[in-house]
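Q: The structure file model-v8.tsv (TSV, C-alpha atoms and all ligand atoms) is provided below.
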chain	number	residue	atom	x	y	z
A	1	SER	CA	91.40	41.77	117.05
A	2	LYS	CA	89.63	41.80	120.37
A	3	ASP	CA	91.16	40.77	123.68
A	4	ASN	CA	88.68	40.51	126.56
A	5	GLY	CA	86.53	43.09	124.80
A	6	ASN	CA	89.44	45.50	124.42
A	7	LEU	CA	90.57	46.09	120.90
A	8	ILE	CA	94.18	45.44	120.06
A	9	ARG	CA	95.45	47.14	116.95
A	10	VAL	CA	98.74	47.66	115.25
A	11	ILE	CA	99.45	51.00	113.67
A	12	ARG	CA	102.31	52.28	111.53
A	13	GLY	CA	103.99	55.63	111.94
A	14	HIS	CA	105.79	57.73	114.52
A	15	VAL	CA	104.84	58.33	118.10
A	16	ALA	CA	106.35	61.35	119.82
A	17	LYS	CA	109.05	60.22	122.31
A	18	ASN	CA	107.49	61.72	125.40
A	19	SER	CA	104.20	59.98	124.68
A	20	TYR	CA	105.88	56.66	123.99
A	21	THR	CA	104.60	55.02	127.11
A	22	GLY	CA	101.60	57.25	127.29
A	23	LYS	CA	98.15	57.00	125.83
A	24	ILE	CA	97.10	57.46	122.27
A	25	TYR	CA	93.79	58.58	120.89
A	26	THR	CA	92.62	56.97	117.67
A	27	TYR	CA	89.34	57.01	115.75
A	28	ASP	CA	87.79	54.53	118.10
A	29	GLY	CA	89.00	55.42	121.54
A	30	LEU	CA	91.87	55.71	123.95
A	31	TYR	CA	94.78	53.23	123.73
A	32	LYS	CA	97.97	52.41	125.57
A	33	VAL	CA	101.10	51.46	123.64
A	34	VAL	CA	101.97	47.91	124.80
A	35	ASP	CA	104.70	47.07	122.32
A	36	ASP	CA	106.74	48.62	119.52
A	37	TRP	CA	109.18	47.39	116.92
A	38	VAL	CA	110.82	48.38	113.70
A	39	GLN	CA	110.37	46.53	110.40
A	40	LYS	CA	111.79	46.82	106.94
A	41	GLY	CA	109.16	47.93	104.47
A	42	VAL	CA	108.78	46.19	101.10
A	43	GLN	CA	110.81	48.90	99.42
A	44	GLY	CA	113.56	48.77	102.03
A	45	HIS	CA	112.37	51.72	104.11
A	46	VAL	CA	112.01	51.64	107.89
A	47	VAL	CA	108.53	51.12	109.31
A	48	TYR	CA	107.79	51.81	112.98
A	49	LYS	CA	104.97	49.70	114.32
A	50	TYR	CA	103.12	50.01	117.63
A	51	LYS	CA	100.80	47.58	119.30
A	52	LEU	CA	98.01	49.40	121.09
A	53	LYS	CA	95.61	48.13	123.67
A	54	ARG	CA	92.29	49.85	124.05
A	55	LEU	CA	91.90	51.15	127.58
A	56	GLU	CA	89.20	49.60	129.68
A	57	GLY	CA	86.11	51.42	130.82
A	58	GLN	CA	85.26	52.91	127.44
A	59	PRO	CA	81.93	52.18	125.78
A	60	SER	CA	82.11	48.87	123.97
A	61	LEU	CA	82.63	48.99	120.24
A	62	THR	CA	79.96	47.96	117.78
A	63	THR	CA	80.88	45.86	114.77
A	64	THR	CA	80.08	48.77	112.51
A	65	GLU	CA	82.60	50.95	114.28
A	66	VAL	CA	85.31	48.29	114.14
A	67	ARG	CA	84.73	47.79	110.42
A	68	PHE	CA	84.77	51.52	109.89
A	69	THR	CA	88.05	52.11	111.70
A	70	ARG	CA	89.83	49.35	109.80
A	71	ALA	CA	88.76	50.69	106.43
A	72	GLU	CA	89.22	54.05	104.78
A	73	ALA	CA	86.75	56.79	105.72
A	74	PRO	CA	83.76	56.47	103.37
A	75	ARG	CA	84.05	58.48	100.19
A	76	LYS	CA	80.36	59.26	99.81
A	77	ILE	CA	78.14	60.71	102.53
A	78	SER	CA	75.16	58.82	101.11
A	79	GLU	CA	76.96	55.51	101.83
A	80	LEU	CA	77.42	56.18	105.54
A	81	PRO	CA	75.66	53.58	107.68
A	82	GLY	CA	72.94	55.09	109.84
A	83	LEU	CA	72.99	58.44	108.03
A	84	VAL	CA	70.51	60.75	109.75
A	85	CYS	CA	71.62	64.08	108.37
A	86	ASP	CA	73.66	64.91	105.24
A	87	ASP	CA	75.06	68.10	106.68
A	88	ILE	CA	74.49	69.08	110.26
A	89	SER	CA	75.78	72.58	109.49
A	90	GLY	CA	72.91	73.13	107.08
A	91	GLY	CA	75.28	74.34	104.38
A	92	GLN	CA	76.98	76.84	106.69
A	93	GLU	CA	80.38	75.13	106.55
A	94	ASN	CA	82.57	74.77	103.44
A	95	ILE	CA	82.48	71.00	103.80
A	96	PRO	CA	79.30	69.15	104.80
A	97	ILE	CA	79.34	67.49	108.23
A	98	PRO	CA	77.19	64.37	108.17
A	99	ALA	CA	75.60	62.86	111.26
A	100	THR	CA	75.15	59.12	111.74
A	101	ASN	CA	73.31	57.06	114.32
A	102	VAL	CA	73.69	53.29	114.37
A	103	VAL	CA	72.57	53.11	117.99
A	104	ASP	CA	68.94	54.24	118.16
A	105	ASP	CA	66.13	52.37	116.48
A	106	PRO	CA	64.68	54.20	114.64
A	107	PRO	CA	67.77	56.38	114.25
A	108	VAL	CA	67.15	59.95	115.34
A	109	PRO	CA	69.25	62.93	114.30
A	110	PRO	CA	70.97	65.11	116.90
A	111	SER	CA	69.11	68.19	118.06
A	112	GLY	CA	68.85	70.79	115.37
A	113	ASP	CA	65.80	69.04	114.03
A	114	CYS	CA	62.55	70.27	115.47
A	115	ALA	CA	61.18	66.72	115.51
A	116	ASN	CA	62.82	66.48	118.92
A	117	ASN	CA	62.24	70.03	120.01
A	118	LYS	CA	59.10	70.64	121.99
A	119	ASN	CA	60.03	74.33	122.21
A	120	CYS	CA	60.01	74.97	118.47
A	121	SER	CA	57.68	77.96	118.09
A	122	CYS	CA	56.99	77.21	114.41
A	123	ALA	CA	55.97	73.70	115.32
A	124	GLN	CA	53.57	75.08	117.91
A	125	LEU	CA	51.91	77.38	115.36
A	126	ASN	CA	50.76	74.22	113.59
A	127	GLY	CA	48.99	72.96	116.69
A	128	SER	CA	50.41	70.47	119.12
A	129	ASP	CA	52.13	68.25	116.55
A	130	LEU	CA	54.51	68.91	113.70
A	131	PRO	CA	52.74	68.93	110.33
A	132	TYR	CA	55.26	66.46	108.92
A	133	VAL	CA	56.57	63.04	109.82
A	134	SER	CA	59.91	61.88	108.54
A	135	PHE	CA	60.06	58.64	106.56
A	136	LYS	CA	63.36	57.51	105.03
A	137	ASN	CA	64.65	61.05	105.46
A	138	ILE	CA	61.76	62.55	103.45
A	139	GLY	CA	59.14	64.54	105.32
A	140	ARG	CA	55.51	63.69	104.62
A	141	LEU	CA	52.55	65.92	105.40
A	142	VAL	CA	50.31	64.16	107.91
A	143	GLU	CA	47.13	65.90	106.73
A	144	PRO	CA	46.16	68.98	104.69
A	145	LYS	CA	46.08	72.15	106.79
A	146	ALA	CA	44.77	75.67	106.34
A	147	VAL	CA	48.38	76.69	106.24
A	148	VAL	CA	51.58	74.93	107.26
A	149	PHE	CA	54.02	76.92	109.40
A	150	GLU	CA	57.54	75.72	108.60
A	151	CYS	CA	60.83	76.61	110.23
A	152	GLY	CA	62.78	79.21	108.31
A	153	ALA	CA	65.65	81.66	108.31
A	154	ASN	CA	64.91	82.86	111.84
A	155	CYS	CA	64.97	79.39	113.40
A	156	SER	CA	67.98	77.75	114.95
A	157	CYS	CA	67.35	74.31	113.47
A	158	ASN	CA	69.30	73.15	110.45
A	159	ARG	CA	68.33	72.81	106.80
A	160	ASN	CA	67.35	69.17	107.27
A	161	CYS	CA	64.78	69.86	109.96
A	162	VAL	CA	61.62	67.87	109.19
A	163	ASN	CA	59.65	71.09	109.62
A	164	ARG	CA	61.36	72.42	106.49
A	165	THR	CA	60.06	69.66	104.26
A	166	SER	CA	58.85	71.95	101.48
A	167	GLN	CA	62.34	73.49	101.32
A	168	GLN	CA	64.18	70.26	100.51
A	169	GLY	CA	63.80	70.45	96.74
A	170	LEU	CA	62.77	67.73	94.36
A	171	GLN	CA	62.64	64.21	95.85
A	172	HIS	CA	61.32	62.18	92.92
A	173	ARG	CA	62.31	61.52	89.33
A	174	LEU	CA	59.79	63.17	87.03
A	175	GLU	CA	59.25	63.62	83.31
A	176	VAL	CA	57.48	66.31	81.29
A	177	PHE	CA	55.63	64.56	78.46
A	178	LYS	CA	53.18	65.46	75.74
A	179	THR	CA	49.67	64.22	76.50
A	180	ALA	CA	47.15	63.35	73.81
A	181	SER	CA	44.59	66.04	74.65
A	182	LYS	CA	45.90	68.40	77.36
A	183	GLY	CA	49.17	69.66	75.94
A	184	TRP	CA	52.22	68.97	78.13
A	185	GLY	CA	51.89	67.09	81.38
A	186	VAL	CA	54.14	65.72	84.14
A	187	ARG	CA	54.51	62.09	85.21
A	188	THR	CA	56.56	60.32	87.84
A	189	TRP	CA	59.15	57.58	87.43
A	190	ASP	CA	59.14	56.76	91.13
A	191	THR	CA	56.44	55.55	93.46
A	192	ILE	CA	55.34	58.57	95.48
A	193	LEU	CA	53.84	58.05	98.91
A	194	PRO	CA	50.86	59.99	100.30
A	195	GLY	CA	51.83	63.31	101.87
A	196	ALA	CA	55.16	63.48	100.04
A	197	PRO	CA	56.12	66.95	98.83
A	198	ILE	CA	56.20	67.27	95.04
A	199	CYS	CA	57.10	70.85	94.21
A	200	GLU	CA	56.40	74.50	94.71
A	201	TYR	CA	54.35	76.34	92.10
A	202	VAL	CA	57.01	78.79	90.97
A	203	GLY	CA	56.54	81.92	88.87
A	204	VAL	CA	56.47	85.70	89.07
A	205	LEU	CA	54.65	87.11	92.09
A	206	LYS	CA	51.98	89.56	90.90
A	207	ARG	CA	48.94	91.37	92.23
A	208	THR	CA	45.77	89.62	91.02
A	209	GLU	CA	44.45	92.96	89.68
A	210	GLU	CA	47.44	93.04	87.28
A	211	VAL	CA	46.43	89.78	85.65
A	212	ASP	CA	42.62	90.03	85.82
A	213	GLY	CA	41.17	89.60	82.33
A	214	LEU	CA	44.29	87.92	80.93
A	215	LEU	CA	42.41	85.11	79.23
A	216	HIS	CA	45.36	83.69	77.38
A	217	ASN	CA	47.58	83.13	80.35
A	218	ASN	CA	46.89	79.58	81.55
A	219	TYR	CA	49.63	79.59	84.16
A	220	ILE	CA	48.30	81.88	86.88
A	221	PHE	CA	47.85	80.47	90.36
A	222	ASP	CA	46.00	82.54	92.98
A	223	ILE	CA	47.56	82.48	96.43
A	224	ASP	CA	44.42	81.51	98.21
A	225	CYS	CA	44.81	79.68	101.49
A	226	LEU	CA	41.07	79.53	101.97
A	227	GLN	CA	40.66	77.52	98.82
A	228	THR	CA	43.63	75.40	99.76
A	229	MET	CA	41.90	74.43	102.92
A	230	LYS	CA	38.52	73.52	101.61
A	231	GLY	CA	39.25	72.65	98.01
A	232	LEU	CA	36.48	73.77	95.70
A	233	ASP	CA	34.16	74.56	98.59
A	234	GLY	CA	36.54	77.22	99.81
A	235	ARG	CA	36.12	79.53	96.88
A	236	GLU	CA	32.38	78.94	96.61
A	237	LYS	CA	31.97	79.83	100.26
A	238	ARG	CA	33.97	83.01	99.87
A	239	ALA	CA	30.86	85.17	99.51
A	240	GLY	CA	29.49	84.22	102.94
A	241	SER	CA	32.01	82.17	104.77
A	242	ASP	CA	31.21	80.70	108.14
A	243	MET	CA	34.49	78.86	108.30
A	244	ASN	CA	36.44	78.97	111.49
A	245	MET	CA	39.97	79.98	110.51
A	246	PRO	CA	41.09	82.26	113.31
A	247	SER	CA	44.75	82.02	112.44
A	248	LEU	CA	44.15	83.17	108.89
A	249	HIS	CA	41.88	86.16	109.25
A	250	ALA	CA	41.47	87.00	112.88
A	251	GLU	CA	41.32	90.74	112.23
A	252	ASN	CA	38.09	90.69	110.27
A	253	ASP	CA	36.51	87.49	111.47
A	254	SER	CA	32.94	88.67	110.98
A	255	GLU	CA	33.55	89.67	107.35
A	256	ALA	CA	33.87	87.36	104.36
A	257	PRO	CA	37.54	86.67	103.71
A	258	PRO	CA	39.04	88.94	101.07
A	259	ALA	CA	39.66	87.72	97.53
A	260	PRO	CA	43.25	86.67	96.90
A	261	GLU	CA	45.45	89.71	96.53
A	262	TYR	CA	48.45	88.01	95.00
A	263	CYS	CA	49.03	85.31	92.46
A	264	ILE	CA	51.93	83.45	90.91
A	265	ASP	CA	52.29	83.91	87.18
A	266	ALA	CA	54.25	81.09	85.57
A	267	GLY	CA	53.36	82.31	82.06
A	268	SER	CA	56.87	83.46	81.21
A	269	ILE	CA	59.03	82.18	84.07
A	270	GLY	CA	58.34	79.08	86.12
A	271	SER	CA	59.36	75.56	87.01
A	272	PHE	CA	58.03	72.25	85.65
A	273	ALA	CA	55.07	72.74	88.03
A	274	ARG	CA	53.49	74.91	85.33
A	275	PHE	CA	53.02	71.76	83.21
A	276	ILE	CA	51.01	69.86	85.81
A	277	ASN	CA	47.49	69.43	84.48
A	278	HIS	CA	44.07	69.53	86.11
A	279	SER	CA	42.08	66.45	87.08
A	280	CYS	CA	38.64	66.17	88.66
A	281	ASN	CA	40.03	63.15	90.54
A	282	PRO	CA	43.53	64.40	91.35
A	283	ASN	CA	46.48	62.61	92.94
A	284	LEU	CA	48.01	65.85	94.25
A	285	PHE	CA	46.63	68.58	96.47
A	286	VAL	CA	47.55	72.19	97.00
A	287	GLN	CA	48.91	73.31	100.34
A	288	CYS	CA	49.82	76.85	101.42
A	289	VAL	CA	53.10	76.95	103.34
A	290	LEU	CA	54.71	79.78	105.31
A	291	THR	CA	58.45	79.64	105.87
A	292	ASN	CA	60.21	82.95	106.45
A	293	HIS	CA	57.21	85.16	107.23
A	294	HIS	CA	53.63	84.77	108.43
A	295	ASP	CA	51.75	86.69	105.75
A	296	VAL	CA	49.14	84.28	104.34
A	297	LYS	CA	48.57	86.57	101.37
A	298	LEU	CA	52.10	85.73	100.25
A	299	ALA	CA	52.18	82.06	101.22
A	300	LYS	CA	54.16	79.59	99.15
A	301	VAL	CA	51.97	77.31	97.06
A	302	MET	CA	53.08	73.70	97.31
A	303	LEU	CA	51.80	70.50	95.75
A	304	PHE	CA	51.75	67.31	97.83
A	305	ALA	CA	50.81	63.72	96.96
A	306	ALA	CA	47.23	62.93	97.96
A	307	ASP	CA	47.64	59.21	97.28
A	308	THR	CA	50.20	56.58	96.50
A	309	ILE	CA	51.20	57.48	92.95
A	310	LEU	CA	52.71	54.67	90.90
A	311	PRO	CA	55.48	55.02	88.30
A	312	LEU	CA	54.39	56.57	84.98
A	313	GLN	CA	51.15	57.95	86.41
A	314	GLU	CA	50.47	61.53	85.45
A	315	LEU	CA	50.57	64.08	88.28
A	316	CYS	CA	47.52	66.30	88.50
A	317	TYR	CA	45.69	68.50	90.95
A	318	ASP	CA	42.28	70.11	91.01
A	319	TYR	CA	42.62	73.62	89.55
A	320	GLY	CA	39.55	74.55	91.58
A	321	TYR	CA	37.85	76.87	89.11
A	322	VAL	CA	34.24	77.78	89.83
A	323	LEU	CA	32.18	76.97	86.75
A	324	ASN	CA	31.18	80.05	84.68
A	325	SER	CA	33.68	82.19	86.58
A	326	VAL	CA	35.79	83.04	83.52
A	327	VAL	CA	34.29	85.82	81.43
A	328	SER	CA	35.68	87.37	78.22
A	329	PRO	CA	36.03	91.17	77.84
A	330	ASP	CA	32.75	91.22	75.89
A	331	GLY	CA	30.95	89.66	78.88
A	332	LYS	CA	30.60	86.12	77.49
A	333	ILE	CA	31.26	83.11	79.70
A	334	VAL	CA	34.37	81.27	78.54
A	335	LYS	CA	34.24	77.47	78.79
A	336	LEU	CA	37.15	75.04	78.73
A	337	PRO	CA	36.28	71.32	78.33
A	338	CYS	CA	38.06	68.96	80.70
A	339	CYS	CA	39.91	65.96	79.30
A	340	CYS	CA	41.06	64.47	82.60
A	341	GLY	CA	39.24	61.21	81.90
A	342	ALA	CA	38.17	60.65	85.52
A	343	PRO	CA	34.89	58.67	85.86
A	344	ASP	CA	33.40	61.56	87.84
A	345	CYS	CA	34.87	64.28	85.54
A	346	ARG	CA	32.99	67.59	85.80
A	347	LYS	CA	33.44	67.93	82.00
A	348	ARG	CA	34.73	71.49	82.22
A	349	LEU	CA	37.68	73.18	83.89
A	350	TYR	CA	35.69	76.44	83.88
A	401	LIG	C1	49.00	75.21	83.82
A	401	LIG	S1	48.76	74.68	82.20
A	401	LIG	C2	49.20	72.99	82.27
A	401	LIG	C3	50.22	72.64	81.21
A	401	LIG	C4	49.69	72.61	79.82
A	401	LIG	N1	49.09	71.33	79.54
A	401	LIG	C5	50.78	72.95	78.81
A	401	LIG	O1	50.92	72.26	77.81
A	401	LIG	O2	51.51	73.92	79.03
A	401	LIG	C6	47.00	74.69	82.14
A	401	LIG	C7	46.44	74.42	80.78
A	401	LIG	O3	46.62	73.06	80.43
A	401	LIG	C8	45.44	72.56	79.80
A	401	LIG	N2	44.82	71.57	80.68
A	401	LIG	C9	45.21	71.24	81.92
A	401	LIG	N3	44.43	70.28	82.41
A	401	LIG	C10	43.53	69.98	81.50
A	401	LIG	C11	42.43	69.09	81.43
A	401	LIG	N4	42.12	68.28	82.43
A	401	LIG	N5	41.68	69.08	80.31
A	401	LIG	C12	42.00	69.87	79.29
A	401	LIG	N6	43.02	70.74	79.28
A	401	LIG	C13	43.77	70.80	80.37
A	401	LIG	C14	44.52	73.73	79.62
A	401	LIG	O4	44.80	74.31	78.40
A	401	LIG	C15	44.95	74.63	80.74
A	401	LIG	O5	44.62	75.97	80.50
Starting from the coordinates I provided, produce the structure as structure tokens.
A:
Amino acid sequence: SKDNGNLIRVIRGHVAKNSYTGKIYTYDGLYKVVDDWVQKGVQGHVVYKYKLKRLEGQPSLTTTEVRFTRAEAPRKISELPGLVCDDISGGQENIPIPATNVVDDPPVPPSGDCANNKNCSCAQLNGSDLPYVSFKNIGRLVEPKAVVFECGANCSCNRNCVNRTSQQGLQHRLEVFKTASKGWGVRTWDTILPGAPICEYVGVLKRTEEVDGLLHNNYIFDIDCLQTMKGLDGREKRAGSDMNMPSLHAENDSEAPPAPEYCIDAGSIGSFARFINHSCNPNLFVQCVLTNHHDVKLAKVMLFAADTILPLQELCYDYGYVLNSVVSPDGKIVKLPCCCGAPDCRKRLY
């Protein structure tokens, strides 16, 4: 109960003799013992009880704190009111240390998240603002970028830093399903908001020259930040680019950017991302992301939501092939009809 704003509580247990008249720290502050007595417990045992008065001059208690201190500590981290971080240690401790904030509106996490750190060098590489905003603890990409510079192993922030959005793993419930005309596809069970991260395109990292001419491998993704930036236009402009991308190819600015040197082959090993189909009117877009190094040739390839995607909609992105660019060993152009069904479908993938 409260007495002139100072909490009075009764606790059971033992208090060391020399601190009997002294002060006691509990979950919710500093107390003075104002009374004590002994009772018989229900099973006949002796129970020592102490009446404590919260010392004045401490910050006033909020209702949430009072409720919390009267109950057991919460069993699940996800149920903590005002949860701003699941584990402030970023997985470094054996037991996660959550952080809560029921004071600020909106609640902000303690430092360790670059959202509050104007000195974050990774954040600065992205321009003046962070590439992501946090919404309900999920980062969302504000706008497509040539490349996103995320915090990584060399940064002091923790695993939950908003500038590590692509490293947070799957955020939505998805299903791999058989489509009528495109083989397997992927659809969502949850509403996905624009800019939300979907997944990384995962597979075996290979040199593009190793896979050139492999017509029967449909799961190869070139690591091509130029195309990422400009969509289809990027690759078409490769031959004579006048694009201004100083951060990507400052060394040979006057020359056309080189063809992608590396690709990700999900033909034999990969994640569900390999089942995401092409659409000429996609709801995902491709974004190159750098986390632990700054080599754009080896950027991570991520898929982000381009739109609000409703439950049971199929996820798809633009594969970005240039028409007539796939040629068989005997020199014939290989064509693949598109079944995306978009009103403005280009009718062929390549
Ligand atoms: C990366 S895989 C996607 C998963 C594939 N549907 C499966 O069953 O494994 C790419 C292949 O899927 C098919 N595909 C993807 N999008 C398509 C589309 N819009 N129209 C027709 N086929 C498509 C093509 O065979 C393409 O080579």
Q: Env of A:Leu193: 8 Å cut, atoms = all atoms listed in the file, seq-sep filter 5 positions within chain, self excluded. Answer as number ranges by chain.
A: A: 305, 307-309
Q: Ligand LIG 401 (chain A): which residues are within 8 Å, counting all atoms listed in the file, as a PyMOL selection string?
A: chain A and resi 178-179+181-185+217-220+273-280+316+336-341+348-349
Q: Between A:Trp189, A:Tyr132, A:Tyr350, A:Phe272, single out the one closest to A:Pro144, counting all atoms listed in the file.
A: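 Among the listed residues, A:Tyr132 lies closest to A:Pro144.
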Q: Kindly indicate which residue among A:Ile223, A:Pro131, A:Asp318, A:Asp36 lies nearest to A:Lys53, using all atoms listed in the file for the distances.
A: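 Comparing A:Ile223, A:Pro131, A:Asp318, A:Asp36 against A:Lys53, the winner is A:Asp36.
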Q: Can you work out which one of A:Gly320, A:Ile333, A:Val162, A:Glu209 has the shortest atom-to-atom distance to A:Phe135, counting all atoms listed in the file?
A: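 Closest to A:Phe135 of all the choices is A:Val162.
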Q: Do you have the atom CA of A:Asp87-atom CA of A:Val108 distance handy?
A: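 Value for the atom CA of A:Asp87-atom CA of A:Val108 distance: 14.3 Å.
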Q: Distance atom CA of A:Pro258-atom CA of A:Asp295, one decimal place?
A: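 Spanning atom CA of A:Pro258 to atom CA of A:Asp295 is a straight-line distance of 13.7 Å.
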